[in-house]
Amino acid sequence: MNQKKVVVMALHDELESAYPPLNVAVGAASSGADVILAFSRRGVNILDKRYVSVPSEELEYLSNALNDFGVSSVHELLGIAVEMGAQLYVVDLDIKDNFEFLYPAEQVPIKWLLNEAASADLFMHF
């Protein structure tokens, strides 16, 4: 059986937007898929060591609910994805910006990512 290819793009860094791409990446990697996990200009903060996950307005209860249920943090999920082999990419970002990435991420143009998505078995963005 051929290895599946999954491309996931994180478009936003709000708490409720950070979990879905990371959960998909971890799930896909755990099933043996080749995973590309990409971050947009607004999602790249998830990679920053100083990132603090904050929910959108009117979803403030979400932080407490996730904590009460013992859910892995955004950075813990990111670490699991990397440990399982997910490849990290940053789309159209000036890497010279003031970021301290937890894990190395390659800078790529959006065209590259869209070409990868076109050849993927699954492409999702959140």
# chains A, B, ... in the order shown; residues from 1 in each chain; ligands from 1
$ residues_around --residues "Leu77 (chain A)" --least-positions-apart "5" --cutoff "10 Å" --atoms "only C-alpha atoms" --output "number ranges by chain"
A: 18-19, 21-23, 25-26, 71-72, 82-83
$ select_by_dssp --residues "chain A" --states "strand (DSSP E or B)" --output "ChimeraX atom specification"
/A:5-10,34-39,48,87-91,101,106-108,122-125
$ write_last_selection --atoms "N, CA, C and O atoms" --output "tab-separated table (two decimals), in the first residue's frame"
chain	number	residue	atom	x	y	z
A	5	LYS	N	-0.38	10.95	1.62
A	5	LYS	CA	0.18	12.28	1.83
A	5	LYS	C	-0.92	13.21	2.30
A	5	LYS	O	-1.97	13.31	1.67
A	6	VAL	N	-0.67	13.88	3.42
A	6	VAL	CA	-1.64	14.79	4.01
A	6	VAL	C	-0.99	16.16	4.18
A	6	VAL	O	0.11	16.27	4.72
A	7	VAL	N	-1.67	17.19	3.69
A	7	VAL	CA	-1.21	18.57	3.82
A	7	VAL	C	-2.23	19.31	4.69
A	7	VAL	O	-3.42	19.30	4.39
A	8	VAL	N	-1.75	19.91	5.75
A	8	VAL	CA	-2.61	20.63	6.68
A	8	VAL	C	-2.04	22.04	6.84
A	8	VAL	O	-0.84	22.21	7.05
A	9	MET	N	-2.93	23.03	6.76
A	9	MET	CA	-2.48	24.41	6.91
A	9	MET	C	-3.21	25.09	8.07
A	9	MET	O	-4.44	25.07	8.13
A	10	ALA	N	-2.42	25.66	8.97
A	10	ALA	CA	-2.96	26.42	10.09
A	10	ALA	C	-3.01	27.89	9.67
A	10	ALA	O	-1.98	28.51	9.44
A	34	ASP	N	2.53	10.67	5.27
A	34	ASP	CA	3.55	11.71	5.14
A	34	ASP	C	2.81	13.03	5.35
A	34	ASP	O	1.90	13.36	4.60
A	35	VAL	N	3.17	13.78	6.39
A	35	VAL	CA	2.41	14.97	6.79
A	35	VAL	C	3.22	16.24	6.58
A	35	VAL	O	4.34	16.36	7.06
A	36	ILE	N	2.60	17.16	5.86
A	36	ILE	CA	3.12	18.51	5.72
A	36	ILE	C	2.21	19.41	6.55
A	36	ILE	O	1.00	19.46	6.32
A	37	LEU	N	2.79	20.06	7.54
A	37	LEU	CA	2.04	20.96	8.42
A	37	LEU	C	2.56	22.37	8.15
A	37	LEU	O	3.72	22.69	8.46
A	38	ALA	N	1.72	23.18	7.52
A	38	ALA	CA	2.13	24.52	7.10
A	38	ALA	C	1.41	25.58	7.92
A	38	ALA	O	0.29	25.36	8.39
A	39	PHE	N	2.05	26.72	8.05
A	39	PHE	CA	1.52	27.82	8.85
A	39	PHE	C	1.51	29.10	8.03
A	39	PHE	O	2.52	29.46	7.43
A	48	ASP	N	5.94	29.78	17.63
A	48	ASP	CA	6.78	30.63	18.46
A	48	ASP	C	6.83	30.11	19.90
A	48	ASP	O	5.80	29.76	20.48
A	87	GLN	N	6.39	17.35	8.84
A	87	GLN	CA	7.34	18.35	8.33
A	87	GLN	C	6.70	19.72	8.45
A	87	GLN	O	5.57	19.91	8.03
A	88	LEU	N	7.43	20.67	9.01
A	88	LEU	CA	6.88	22.01	9.26
A	88	LEU	C	7.34	23.00	8.20
A	88	LEU	O	8.52	23.05	7.84
A	89	TYR	N	6.37	23.81	7.75
A	89	TYR	CA	6.65	24.83	6.73
A	89	TYR	C	5.93	26.12	7.11
A	89	TYR	O	4.84	26.09	7.69
A	90	VAL	N	6.55	27.23	6.75
A	90	VAL	CA	5.96	28.54	6.94
A	90	VAL	C	5.78	29.15	5.56
A	90	VAL	O	6.70	29.16	4.75
A	91	VAL	N	4.57	29.63	5.30
A	91	VAL	CA	4.23	30.12	3.97
A	91	VAL	C	4.35	31.64	3.90
A	91	VAL	O	3.76	32.35	4.71
A	101	PHE	N	11.22	30.00	16.94
A	101	PHE	CA	10.50	28.76	16.67
A	101	PHE	C	10.90	27.65	17.63
A	101	PHE	O	12.08	27.47	17.93
A	106	GLU	N	10.71	25.23	7.44
A	106	GLU	CA	11.23	25.76	6.18
A	106	GLU	C	10.27	26.78	5.60
A	106	GLU	O	9.06	26.58	5.61
A	107	GLN	N	10.82	27.87	5.10
A	107	GLN	CA	9.99	28.89	4.47
A	107	GLN	C	9.75	28.49	3.02
A	107	GLN	O	10.68	28.14	2.30
A	108	VAL	N	8.48	28.54	2.59
A	108	VAL	CA	8.11	28.18	1.22
A	108	VAL	C	7.09	29.18	0.69
A	108	VAL	O	6.33	29.78	1.46
A	122	LEU	N	-5.08	14.17	0.99
A	122	LEU	CA	-5.98	14.99	1.80
A	122	LEU	C	-5.34	16.35	2.02
A	122	LEU	O	-4.15	16.43	2.36
A	123	PHE	N	-6.10	17.41	1.80
A	123	PHE	CA	-5.65	18.77	2.10
A	123	PHE	C	-6.72	19.42	2.95
A	123	PHE	O	-7.89	19.45	2.58
A	124	MET	N	-6.30	19.94	4.10
A	124	MET	CA	-7.23	20.62	5.00
A	124	MET	C	-6.60	21.91	5.48
A	124	MET	O	-5.38	21.99	5.66
A	125	HIS	N	-7.43	22.91	5.69
A	125	HIS	CA	-6.96	24.16	6.27
A	125	HIS	C	-7.96	24.63	7.30
A	125	HIS	O	-9.16	24.42	7.18
$ residues_around --residues "Lys4 (chain A)" --least-positions-apart "3" --cutoff "10 Å" --atoms "only C-alpha atoms" --output "list in words"
Met1, Ala28, Ala29, Ser31, Gly32, Ala33, Asp34, Val35, Ala120, Asp121 and Leu122 of chain A
$ residues_around --residues "Val52 (chain A)" --least-positions-apart "5" --cutoff "10 Å" --atoms "only C-alpha atoms" --output "PyMOL selection string"
chain A and resi 13-15+45-46+73-75
$ closest_residue --among "A:Val54, A:Leu59, A:Leu78, A:Val24" --to "Leu102 (chain A)" --atoms "only C-alpha atoms"
A:Leu78
